[in-house]
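Q: File data.txt follows (compact mmCIF, C-alpha atoms (C1' of nucleotides) and all ligand atoms):
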# COMPACT_ATOMS: atom_id res chain seq x y z
CA MET A 310 99.55 92.10 88.52
CA GLN A 311 98.77 89.78 91.37
CA LEU A 312 95.75 87.82 92.49
CA LYS A 313 94.26 88.75 95.89
CA ASN A 314 95.44 86.74 98.87
CA GLN A 315 91.74 85.91 99.33
CA VAL A 316 92.16 83.45 96.45
CA GLU A 317 94.66 81.33 98.37
CA TRP A 318 92.44 81.51 101.46
CA ALA A 319 89.28 80.54 99.56
CA LEU A 320 90.95 77.57 97.86
CA HIS A 321 92.29 76.23 101.16
CA CYS A 322 88.91 76.71 102.86
CA CYS A 323 87.16 74.81 100.07
CA ALA A 324 89.73 72.01 100.37
CA ILE A 325 88.87 71.71 104.07
CA LEU A 326 85.12 71.84 103.45
CA ALA A 327 85.53 69.10 100.83
CA GLY A 328 86.76 66.79 103.60
CA LEU A 329 83.76 67.41 105.83
CA GLY A 330 81.24 64.68 106.63
CA PRO A 331 77.74 65.01 105.11
CA ASP A 332 75.67 67.82 106.61
CA ARG A 333 78.46 69.03 108.90
CA HIS A 334 79.26 72.75 109.02
CA LEU A 335 82.48 74.60 109.88
CA PRO A 336 82.23 78.25 110.99
CA THR A 337 84.38 81.14 109.75
CA LYS A 338 86.09 81.44 113.11
CA ASP A 339 87.64 77.99 112.85
CA LEU A 340 88.54 78.31 109.19
CA ALA A 341 90.36 81.52 110.07
CA GLU A 342 92.20 79.94 112.99
CA LEU A 343 93.17 76.91 110.89
CA HIS A 344 94.79 79.10 108.26
CA GLY A 345 96.05 81.89 110.49
CA VAL A 346 94.18 84.67 108.70
CA PRO A 347 91.95 87.49 110.01
CA LYS A 348 88.44 86.16 110.62
CA GLU A 349 86.57 89.30 109.59
CA TYR A 350 88.33 89.59 106.27
CA LEU A 351 88.17 85.89 105.46
CA SER A 352 84.45 86.26 106.03
CA LYS A 353 84.26 88.49 102.95
CA ALA A 354 85.80 85.77 100.78
CA LEU A 355 83.40 83.17 102.15
CA GLN A 356 80.49 85.48 101.46
CA ALA A 357 81.66 85.74 97.86
CA LEU A 358 81.78 81.94 97.61
CA SER A 359 78.30 81.79 99.09
CA GLN A 360 77.07 84.40 96.62
CA ALA A 361 78.48 82.29 93.79
CA GLY A 362 76.68 79.19 95.00
CA ILE A 363 79.86 77.29 95.82
CA VAL A 364 79.32 77.12 99.59
CA GLU A 365 76.26 77.37 101.82
CA GLY A 366 76.10 79.26 105.09
CA THR A 367 73.95 78.15 108.02
CA LEU A 368 73.08 80.44 110.91
CA GLY A 369 73.09 79.82 114.62
CA PRO A 370 75.12 77.61 116.98
CA SER A 371 76.50 74.54 115.18
CA GLY A 372 76.14 76.57 112.01
CA GLY A 373 78.87 77.54 109.57
CA TYR A 374 79.78 76.66 105.99
CA ARG A 375 79.65 73.55 103.83
CA LEU A 376 80.00 72.92 100.10
CA ALA A 377 76.85 73.63 98.14
CA ARG A 378 77.72 71.04 95.47
CA PRO A 379 79.70 67.80 95.28
CA ALA A 380 83.47 68.42 95.26
CA GLY A 381 83.66 66.85 91.81
CA ALA A 382 81.40 69.60 90.47
CA ILE A 383 83.52 72.51 91.75
CA THR A 384 86.59 73.60 89.79
CA PHE A 385 89.45 75.91 90.69
CA LEU A 386 88.05 78.34 88.13
CA ASN A 387 84.72 78.50 89.97
CA ILE A 388 86.46 79.49 93.18
CA VAL A 389 88.94 81.91 91.61
CA GLU A 390 86.21 83.69 89.65
CA ALA A 391 83.97 83.94 92.71
CA VAL A 392 86.69 85.83 94.59
CA GLU A 393 88.51 87.59 91.77
CA GLY A 394 85.72 88.30 89.32
CA ARG A 395 85.25 87.23 85.72
CA GLN A 396 86.83 90.19 83.98
CA SER A 397 89.83 89.36 81.82
CA SER A 398 93.23 90.27 83.26
CA PHE A 399 93.81 92.34 80.12
CA VAL A 400 91.58 95.37 79.69
CA CYS A 401 91.58 97.09 76.29
CA THR A 402 91.10 100.84 76.56
CA GLU A 403 90.87 101.23 72.77
CA ILE A 404 93.92 103.41 72.45
CA ARG A 405 93.85 102.68 68.72
CA LYS A 406 90.97 105.14 68.51
CA ASN A 407 93.34 107.90 69.62
CA ASN A 408 95.31 107.62 66.37
CA PRO A 409 95.25 111.19 65.00
CA CYS A 410 95.16 109.82 61.45
CA ARG A 411 91.58 108.72 62.06
CA GLY A 412 90.47 112.29 62.63
CA SER A 413 89.91 113.18 59.00
CA MET A 414 88.54 109.78 57.99
CA SER A 415 84.98 108.61 57.63
CA PRO A 416 83.85 106.32 60.47
CA ALA A 417 83.51 103.50 57.95
CA ALA A 418 87.05 103.86 56.65
CA ALA A 419 88.40 104.00 60.22
CA GLY A 420 86.87 100.54 60.66
CA ASP A 421 87.13 99.10 64.15
CA SER A 422 84.09 96.90 64.02
CA ARG A 423 86.22 93.96 65.17
CA PRO A 424 88.18 93.93 68.43
CA CYS A 425 91.82 95.04 68.22
CA ALA A 426 94.13 92.20 67.11
CA ILE A 427 96.38 92.85 70.11
CA ALA A 428 93.49 92.50 72.54
CA ARG A 429 92.43 89.28 70.86
CA VAL A 430 95.83 87.70 71.53
CA MET A 431 95.75 88.82 75.15
CA TRP A 432 92.21 87.52 75.64
CA GLU A 433 93.12 84.19 74.11
CA ALA A 434 95.89 83.82 76.71
CA ASP A 435 93.40 84.67 79.43
CA ARG A 436 91.12 81.97 78.04
CA ALA A 437 93.97 79.45 78.23
CA TRP A 438 94.54 80.40 81.88
CA ARG A 439 90.88 79.88 82.75
CA ALA A 440 90.69 76.62 80.80
CA SER A 441 93.61 75.30 82.83
CA LEU A 442 91.91 76.26 86.11
CA ASP A 443 88.63 74.77 84.93
CA GLY A 444 90.37 71.43 84.37
CA VAL A 445 90.94 70.69 88.05
CA THR A 446 88.12 69.91 90.49
CA LEU A 447 88.07 70.01 94.27
CA ALA A 448 87.68 66.21 94.25
CA GLU A 449 90.93 65.84 92.30
CA LEU A 450 92.66 68.24 94.66
CA ALA A 451 91.50 66.22 97.66
CA LYS A 452 92.99 63.09 96.10
CA THR A 453 96.33 64.81 95.53
CA LEU A 454 96.39 66.14 99.08
CA GLU A 455 95.78 62.65 100.49
CA LYS A 456 98.82 61.46 98.57
CA THR A 457 101.16 64.36 99.32
CA VAL A 458 100.31 65.56 102.82
CA PRO A 459 101.92 63.34 105.50
CA ALA A 460 99.38 60.93 107.01
CA PRO A 461 99.84 62.09 110.64
CA LEU A 462 99.17 65.72 109.77
CA LEU A 463 96.25 64.76 107.57
CA LYS A 464 94.68 62.67 110.34
CA LYS A 465 95.30 65.22 113.07
CA THR A 466 93.80 68.03 111.00
CA ALA A 467 90.75 65.93 110.16
CA ALA A 468 90.22 65.30 113.87
CA TRP A 469 90.71 68.98 114.70
CA VAL A 470 88.08 69.93 112.13
CA GLU A 471 85.69 67.14 113.11
CA ALA A 472 85.79 68.32 116.74
CA ARG A 473 84.46 71.74 115.72
CA THR A 474 81.81 70.46 113.42
CA MET B 185 93.58 91.40 89.25
CA GLN B 186 94.39 93.49 86.23
CA LEU B 187 97.43 94.06 84.05
CA LYS B 188 98.81 97.60 83.97
CA ASN B 189 97.63 99.83 81.17
CA GLN B 190 101.32 100.10 80.26
CA VAL B 191 101.01 96.62 78.75
CA GLU B 192 98.52 97.78 76.13
CA TRP B 193 100.68 100.81 75.42
CA ALA B 194 103.89 98.78 75.09
CA LEU B 195 102.31 96.25 72.75
CA HIS B 196 100.94 98.97 70.47
CA CYS B 197 104.28 100.80 70.47
CA CYS B 198 106.10 97.62 69.49
CA ALA B 199 103.58 97.02 66.70
CA ILE B 200 104.39 100.48 65.34
CA LEU B 201 108.14 100.00 65.68
CA ALA B 202 107.84 96.69 63.83
CA GLY B 203 106.61 98.63 60.80
CA LEU B 204 109.54 101.02 60.77
CA GLY B 205 112.11 101.05 57.96
CA PRO B 206 115.60 99.74 58.75
CA ASP B 207 117.60 102.05 61.02
CA ARG B 208 114.76 104.50 61.48
CA HIS B 209 113.89 105.71 64.99
CA LEU B 210 110.63 107.02 66.45
CA PRO B 211 110.78 109.17 69.61
CA THR B 212 108.61 108.79 72.72
CA LYS B 213 106.84 112.06 71.99
CA ASP B 214 105.36 110.75 68.74
CA LEU B 215 104.51 107.32 70.13
CA ALA B 216 102.62 109.08 72.92
CA GLU B 217 100.75 111.37 70.52
CA LEU B 218 99.88 108.45 68.21
CA HIS B 219 98.27 106.54 71.07
CA GLY B 220 96.92 109.47 73.07
CA VAL B 221 98.76 108.62 76.28
CA PRO B 222 100.93 110.75 78.62
CA LYS B 223 104.44 111.01 77.20
CA GLU B 224 106.29 111.00 80.53
CA TYR B 225 104.56 107.88 81.78
CA LEU B 226 104.80 106.02 78.48
CA SER B 227 108.52 106.76 78.70
CA LYS B 228 108.70 104.48 81.76
CA ALA B 229 107.26 101.57 79.79
CA LEU B 230 109.66 102.15 76.92
CA GLN B 231 112.55 102.24 79.37
CA ALA B 232 111.44 98.84 80.66
CA LEU B 233 111.40 97.50 77.11
CA SER B 234 114.86 98.94 76.56
CA GLN B 235 116.09 97.38 79.80
CA ALA B 236 114.77 94.02 78.61
CA GLY B 237 116.60 94.29 75.30
CA ILE B 238 113.43 94.46 73.21
CA VAL B 239 113.92 98.01 71.93
CA GLU B 240 116.93 100.27 71.55
CA GLY B 241 116.99 103.96 72.39
CA THR B 242 119.10 106.47 70.49
CA LEU B 243 119.89 109.94 71.85
CA GLY B 244 119.82 113.31 70.17
CA PRO B 245 117.79 114.84 67.34
CA SER B 246 116.50 112.20 64.89
CA GLY B 247 116.88 109.77 67.77
CA GLY B 248 114.16 107.69 69.38
CA TYR B 249 113.34 103.98 69.60
CA ARG B 250 113.57 101.01 67.27
CA LEU B 251 113.29 97.24 67.77
CA ALA B 252 116.48 95.64 69.06
CA ARG B 253 115.70 92.31 67.38
CA PRO B 254 113.77 91.13 64.30
CA ALA B 255 110.00 91.21 64.86
CA GLY B 256 109.90 87.45 64.40
CA ALA B 257 112.14 87.04 67.45
CA ILE B 258 109.93 89.08 69.81
CA THR B 259 106.87 87.45 71.40
CA PHE B 260 103.94 88.93 73.30
CA LEU B 261 105.36 87.24 76.40
CA ASN B 262 108.65 89.12 76.05
CA ILE B 263 106.84 92.45 76.02
CA VAL B 264 104.35 91.60 78.77
CA GLU B 265 107.07 90.32 81.08
CA ALA B 266 109.24 93.36 80.44
CA VAL B 267 106.47 95.65 81.65
CA GLU B 268 104.67 93.47 84.15
CA GLY B 269 107.49 91.37 85.59
CA ARG B 270 108.02 87.63 85.66
CA GLN B 271 106.38 86.83 88.98
CA SER B 272 103.45 84.44 88.79
CA SER B 273 100.01 86.02 89.17
CA PHE B 274 99.42 83.63 92.07
CA VAL B 275 101.60 84.16 95.14
CA CYS B 276 101.60 81.42 97.77
CA THR B 277 102.00 82.79 101.29
CA GLU B 278 102.28 79.29 102.79
CA ILE B 279 99.17 79.56 104.92
CA ARG B 280 99.31 75.79 105.33
CA LYS B 281 102.13 76.37 107.79
CA ASN B 282 99.71 78.20 110.06
CA ASN B 283 97.78 74.99 110.72
CA PRO B 284 97.77 74.74 114.54
CA CYS B 285 97.94 70.94 114.27
CA ARG B 286 101.54 71.28 113.11
CA GLY B 287 102.56 72.89 116.36
CA SER B 288 103.15 69.70 118.30
CA MET B 289 104.62 67.76 115.38
CA SER B 290 108.22 67.16 114.42
CA PRO B 291 109.34 69.23 111.42
CA ALA B 292 109.79 65.97 109.48
CA ALA B 293 106.26 64.77 110.16
CA ALA B 294 104.86 68.19 109.20
CA GLY B 295 106.46 67.59 105.79
CA ASP B 296 106.18 70.49 103.37
CA SER B 297 109.28 69.80 101.34
CA ARG B 298 107.18 69.99 98.18
CA PRO B 299 105.17 73.07 97.16
CA CYS B 300 101.53 73.10 98.21
CA ALA B 301 99.29 71.16 95.81
CA ILE B 302 96.99 74.17 95.49
CA ALA B 303 99.85 76.45 94.49
CA ARG B 304 101.00 73.90 91.91
CA VAL B 305 97.62 74.00 90.16
CA MET B 306 97.63 77.80 90.16
CA TRP B 307 101.19 77.95 88.83
CA GLU B 308 100.36 75.48 86.08
CA ALA B 309 97.57 77.81 84.92
CA ASP B 310 100.01 80.71 84.96
CA ARG B 311 102.37 78.63 82.83
CA ALA B 312 99.56 78.01 80.32
CA TRP B 313 98.93 81.76 80.13
CA ARG B 314 102.57 82.51 79.44
CA ALA B 315 102.86 79.68 76.90
CA SER B 316 99.94 81.17 75.00
CA LEU B 317 101.56 84.62 74.97
CA ASP B 318 104.89 83.13 73.93
CA GLY B 319 103.23 81.56 70.89
CA VAL B 320 102.61 84.84 69.08
CA THR B 321 105.40 86.99 67.65
CA LEU B 322 105.38 90.64 66.62
CA ALA B 323 105.85 89.51 63.01
CA GLU B 324 102.66 87.46 63.17
CA LEU B 325 100.83 90.39 64.76
CA ALA B 326 101.97 92.67 61.94
CA LYS B 327 100.57 90.23 59.39
CA THR B 328 97.22 90.12 61.17
CA LEU B 329 97.07 93.90 61.38
CA GLU B 330 97.72 94.23 57.64
CA LYS B 331 94.75 91.97 57.03
CA THR B 332 92.34 93.50 59.53
CA VAL B 333 93.10 97.23 59.65
CA PRO B 334 91.49 99.09 56.72
CA ALA B 335 94.06 99.86 54.02
CA PRO B 336 93.50 103.67 54.05
CA LEU B 337 94.13 103.95 57.78
CA LEU B 338 97.11 101.61 57.56
CA LYS B 339 98.66 103.68 54.77
CA LYS B 340 97.95 107.02 56.38
CA THR B 341 99.42 105.93 59.69
CA ALA B 342 102.53 104.55 57.99
CA ALA B 343 103.01 107.93 56.29
CA TRP B 344 102.42 109.81 59.56
CA VAL B 345 105.08 107.68 61.25
CA GLU B 346 107.51 107.85 58.34
CA ALA B 347 107.33 111.65 58.39
CA ARG B 348 108.58 111.74 61.98
CA THR B 349 111.32 109.23 61.47
C1' DT C 1047 61.41 82.11 126.40
C1' DC C 1048 66.05 83.45 126.77
C1' DT C 1049 70.83 83.38 125.46
C1' DA C 1050 74.75 82.47 122.82
C1' DT C 1051 76.25 81.74 118.23
C1' DT C 1052 76.46 82.46 113.53
C1' DA C 1053 76.18 84.37 108.45
C1' DA C 1054 75.46 88.48 106.01
C1' DG C 1055 76.36 92.93 104.71
C1' DG C 1056 77.19 98.11 105.29
C1' DA C 1057 80.52 101.58 106.65
C1' DT C 1058 84.97 102.96 107.26
C1' DA C 1059 89.92 102.96 108.08
C1' DT C 1060 94.67 101.62 106.52
C1' DC C 1061 98.08 100.36 103.35
C1' DA C 1062 100.35 99.20 98.92
C1' DA C 1063 100.56 99.61 94.13
C1' DA C 1064 99.39 101.81 89.85
C1' DT C 1065 99.35 106.05 87.66
C1' DA C 1066 101.28 110.38 86.62
C1' DT C 1067 104.33 114.43 86.73
C1' DC C 1068 108.62 116.86 87.31
C1' DC C 1069 113.42 117.56 87.04
C1' DG C 1070 118.45 116.79 86.18
C1' DT C 1071 122.04 114.48 83.38
C1' DA C 1072 124.43 112.95 79.43
C1' DA C 1073 124.63 111.94 74.69
C1' DT C 1074 124.13 113.35 69.89
C1' DA C 1075 122.85 115.35 65.43
C1' DA C 1076 122.54 119.53 62.91
C1' DT D 996 126.64 125.91 70.11
C1' DT D 997 121.95 124.66 70.32
C1' DA D 998 118.02 121.84 70.23
C1' DT D 999 116.62 117.26 70.87
C1' DT D 1000 116.47 112.97 72.91
C1' DA D 1001 116.81 108.72 76.26
C1' DC D 1002 117.41 107.70 80.91
C1' DG D 1003 116.76 107.63 85.69
C1' DG D 1004 115.65 109.68 90.36
C1' DA D 1005 112.24 111.87 93.19
C1' DT D 1006 107.73 112.70 94.30
C1' DA D 1007 102.80 113.46 94.07
C1' DT D 1008 98.06 111.54 93.15
C1' DT D 1009 94.72 108.08 92.59
C1' DT D 1010 92.96 103.57 92.93
C1' DG D 1011 92.37 99.13 94.72
C1' DA D 1012 93.59 95.62 98.20
C1' DT D 1013 93.57 94.76 102.90
C1' DA D 1014 91.53 94.99 107.31
C1' DT D 1015 88.40 96.25 111.10
C1' DC D 1016 84.06 97.51 113.15
C1' DC D 1017 79.24 97.37 113.77
C1' DT D 1018 74.28 96.12 113.04
C1' DT D 1019 70.79 92.81 111.72
C1' DA D 1020 68.45 88.52 111.47
C1' DA D 1021 68.32 83.68 111.91
C1' DT D 1022 68.85 79.54 114.66
C1' DA D 1023 70.09 75.95 118.04
C1' DG D 1024 70.13 74.70 122.62
C1' DA D 1025 69.43 75.60 127.68
S1 LIG E 1 93.27 99.21 71.24
FE1 LIG E 1 93.25 98.05 73.10
S2 LIG E 1 94.58 96.41 72.60
FE2 LIG E 1 94.57 97.55 70.73
S1 LIG E 2 99.94 77.15 101.29
FE1 LIG E 2 99.95 78.58 99.63
S2 LIG E 2 98.66 77.61 98.18
FE2 LIG E 2 98.66 76.17 99.82
Go ahead and render the structure in this file as structure tokens.
A:
Amino acid sequence: MQLKNQVEWALHCCAILAGLGPDRHLPTKDLAELHGVPKEYLSKALQALSQAGIVEGTLGPSGGYRLARPAGAITFLNIVEAVEGRQSSFVCTEIRKNNPCRGSMSPAAAGDSRPCAIARVMWEADRAWRASLDGVTLAELAKTLEKTVPAPLLKKTAAWVEART
Amino acid sequence: MQLKNQVEWALHCCAILAGLGPDRHLPTKDLAELHGVPKEYLSKALQALSQAGIVEGTLGPSGGYRLARPAGAITFLNIVEAVEGRQSSFVCTEIRKNNPCRGSMSPAAAGDSRPCAIARVMWEADRAWRASLDGVTLAELAKTLEKTVPAPLLKKTAAWVEART
DNA sequence: TCTATTAAGGATATCAAATATCCGTAATAA
DNA sequence: TTATTACGGATATTTGATATCCTTAATAGA
């Protein structure tokens, strides 16, 4: 069980886009170079973010991507779900229905109107995971990065990005 | 991102074993038939549980599996980690190190002594997921099942299991 | 108008992991 | 002695993640 590497890429790309000036765009090519990942494949992740309404793509020269909403209105969960999907990590295949003892019982007596108790525990854990991710916004991440990334690297990267904008 | 189907199987098997009388064993063959899953493959999951010290296997006729600890001392997390492993769902590949701006900087100025802020958020969510799973024991699950599974099915299944013990 | 650049998406190839089966070994109860 | 069982190694099959390629349409700038 492992999230796609696209998730790490998408989060880092959003962090960069959050630092962009108003109405500036950064193309896939540069985002790929900045993170050292294959441009064509990263493009798929960015398309998913675009589909989810998290980023906006603009065509033509001087085009590229920017955030579609303020960074304070985008959470980690939004980004993770855009790339990874919204399905719970635990999928119940209803193996309880395979119990041979049910065979000779009336459908009523077999009684599985409510979800399996085991699945409910697993889904609750999934909910806790998503709640945790939904509690951190891109704006908060940007603040943390400003505090933890060394100033020279931060400044140099900002200039590098600005030059391609 | 999806947990293995083995997780659902292992949890249901443990729920059955938790209902066993003292010093009774249930073999893989019957656990597989009860849940309608391939015996040989289920065996792999049970071996993982055995390896983790959650269940105990006994050889020979009238052998099989039983819990290695009281049901109150076994959590969902124990079972999930036995089957799925302990690695976080989010794996950081350190793409921040691919930033071309780092190239001309001293290793000190590049400064990544601390884990990436993005990874820390993802790992915190993983921790929340595991904490949730660690908060429910097999004993509590058994209680819930007694309340929610119809009495006739519960009784019939108990008899079916007892007969193969 | 023409050209270069870009997002978007379809098609397809490659690779890794999950899923599943098969077999041999050793232990054990009857 | 025989049947039964856990255990582990080897291997096949299937699925999904990863990655590349190509076409289309939009757009900015020369
Ligand atoms: S039947 Fe799917 S978790 Fe119980
Ligand atoms: S470098 Fe891996 S999450 Fe930032």
Q: Could you state the separation of CA of Gly372 in chain A and CA of Asp339 in chain A in Å, given to one decimal place?
A: 11.6 Å
Q: Counting only C-alpha atoms and all ligand atoms, what are the residues of chain B within 10 Å of ligand LIG 1 (chain E), and for each of them which pair of atoms is the nearest and at what distance in Å, to one decimal? Sort the table by chain and rising number, as a tab-separated table.
A:
residue	atom	partner	partner_atom	distance
B:Asn189	CA	E:LIG1	FE1	9.4
B:Val191	CA	E:LIG1	S2	8.9
B:Glu192	CA	E:LIG1	S2	5.5
B:Trp193	CA	E:LIG1	S2	8.0
B:Ala194	CA	E:LIG1	S2	9.9
B:Leu195	CA	E:LIG1	S2	7.7
B:His196	CA	E:LIG1	FE2	6.5
B:Ala199	CA	E:LIG1	FE2	9.9
B:His219	CA	E:LIG1	S1	8.9
Q: In Å, rounded to a single decimal, give me how far CA of Met310 in chain A is from CA of Lys406 in chain A.
A: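 Going from CA of Lys406 in chain A over to CA of Met310 in chain A, I get 25.4 Å.
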Q: Enter the distance from CA of Ala303 in chain B to CA of Leu463 in chain A, in Å, rounded to one decimal.
A: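 Between these atoms lies a distance of 17.9 Å.
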Q: Quick one: residues within 9 Å of Ala382 in chain A, only C-alpha atoms (C1' of nucleotides), excluding same-chain residues fewer than 6 positions away - as a list in words?
A: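 After dropping sequence-adjacent residues, the list is Thr446, Leu447 and Ala448 of chain A.
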Q: Rank nothing, just name the residue among A:Glu349, A:Arg333, A:Ala361, A:Ala354 nearest to chain D, using only C-alpha atoms (C1' of nucleotides).
A: A:Glu349
Q: Within 6 Å of ligand LIG 2 (chain E), counting all atoms listed in the file, which protein or nucleic acid residues do you find, written as a list in words?
A: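 The distance check yields Glu317 of chain A; Cys276, Thr277, Glu278, Ile279, Arg280, Cys300, Ile302 and Ala303 of chain B.
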Q: Give me, as a VMD selection string, the residues of chain C touching chain A, with the criterion being at most 7 Å (counting all atoms listed in the file).
A: chain C and resid 1051 to 1053
Q: If we count all atoms listed in the file, what is near Ala301 in chain B at a cut-off of 12 Å, once residues fewer than 3 positions away on the same chain are taken out, given as a list in words?
A: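 Once the adjacent positions are removed, what remains is Glu317, Leu320, His321, Ala324, Val445, Leu447, Glu449, Leu450, Ala451, Lys452, Thr453, Leu454, Glu455, Lys456, Thr457 and Val458 of chain A; Cys276, Glu278, Arg280, Asp296, Ser297, Arg298, Arg304, Val305, Met306, Trp307 and Glu308 of chain B.
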Q: Any idea which chain D residues end up within 10 Å of chain A if we count all atoms listed in the file, as a ChimeraX atom specification please?
A: /D:1012-1016,1020-1024
Q: Show me, as AutoDock Vina command-line options, the centre and edge lengths in Å to one decimal of the axis-aligned box that covers every listed atom of range 365-383 of chain A with 3 Å on each side.
A:
--center_x 78.4 --center_y 73.6 --center_z 103.7 --size_x 16.6 --size_y 19.6 --size_z 32.5
Q: List the spatial neighbours of Val470 in chain A as an NGL selection string - criterion: any atom at most 10 Å away, all atoms listed in the file, same-chain residues fewer than 5 positions off excluded.
A: :A and (325-326 or 328-329 or 334-335 or 339-340 or 343 or 464-465)
Q: Can you find the residues with an atom no farther than 10 Å from (93.8, 106.1, 95.0), counting all atoms listed in the file, and report them as a PDB file with C-alpha atoms (C1' of nucleotides), in the coordinates of the input?
A:
ATOM      1  C1'  DA C1063     100.560  99.610  94.130  1.00  0.00           C
ATOM      2  C1'  DA C1064      99.390 101.810  89.850  1.00  0.00           C
ATOM      3  C1'  DT C1065      99.350 106.050  87.660  1.00  0.00           C
TER       4       DT C1065
ATOM      5  C1'  DT D1008      98.060 111.540  93.150  1.00  0.00           C
ATOM      6  C1'  DT D1009      94.720 108.080  92.590  1.00  0.00           C
ATOM      7  C1'  DT D1010      92.960 103.570  92.930  1.00  0.00           C
ATOM      8  C1'  DG D1011      92.370  99.130  94.720  1.00  0.00           C
TER       9       DG D1011
END
Q: Rank A:Ser413, A:Thr384, A:Thr466, A:Gln360 by their smallest atom-to-atom distance to chain B, using only C-alpha atoms, and report the top residue only.
A: A:Thr466
Q: Output requested as a short mmCIF file (atom, residue, chain, number, x, y, z; two decimals), in the coordinates of the input - range 324-329 of chain B, filled out with all heavy atoms.
A:
data_model
loop_
_atom_site.label_atom_id
_atom_site.label_comp_id
_atom_site.auth_asym_id
_atom_site.auth_seq_id
_atom_site.Cartn_x
_atom_site.Cartn_y
_atom_site.Cartn_z
N GLU B 324 103.99 88.00 63.43
CA GLU B 324 102.66 87.46 63.17
C GLU B 324 101.58 88.51 63.43
O GLU B 324 100.59 88.60 62.70
CB GLU B 324 102.42 86.22 64.06
CG GLU B 324 103.23 85.01 63.60
CD GLU B 324 103.40 83.97 64.68
OE1 GLU B 324 102.89 84.18 65.81
OE2 GLU B 324 104.05 82.94 64.41
N LEU B 325 101.78 89.32 64.47
CA LEU B 325 100.83 90.39 64.76
C LEU B 325 100.76 91.36 63.59
O LEU B 325 99.67 91.76 63.16
CB LEU B 325 101.25 91.14 66.03
CG LEU B 325 100.45 92.41 66.32
CD1 LEU B 325 98.99 92.08 66.61
CD2 LEU B 325 101.06 93.21 67.45
N ALA B 326 101.92 91.73 63.07
CA ALA B 326 101.97 92.67 61.94
C ALA B 326 101.17 92.14 60.77
O ALA B 326 100.44 92.89 60.11
CB ALA B 326 103.43 92.93 61.55
N LYS B 327 101.31 90.85 60.49
CA LYS B 327 100.57 90.23 59.39
C LYS B 327 99.07 90.35 59.62
O LYS B 327 98.30 90.68 58.71
CB LYS B 327 100.97 88.76 59.28
CG LYS B 327 101.55 88.39 57.92
CD LYS B 327 101.96 86.93 57.90
CE LYS B 327 103.16 86.71 56.98
NZ LYS B 327 103.76 85.37 57.13
N THR B 328 98.65 90.04 60.84
CA THR B 328 97.22 90.12 61.17
C THR B 328 96.71 91.54 61.01
O THR B 328 95.62 91.77 60.48
CB THR B 328 96.98 89.65 62.61
OG1 THR B 328 97.49 88.33 62.76
CG2 THR B 328 95.50 89.67 62.95
N LEU B 329 97.50 92.50 61.46
CA LEU B 329 97.07 93.90 61.38
C LEU B 329 96.90 94.32 59.92
O LEU B 329 95.94 95.02 59.58
CB LEU B 329 98.08 94.81 62.09
CG LEU B 329 98.08 94.71 63.62
CD1 LEU B 329 99.21 95.51 64.24
CD2 LEU B 329 96.73 95.17 64.19
#
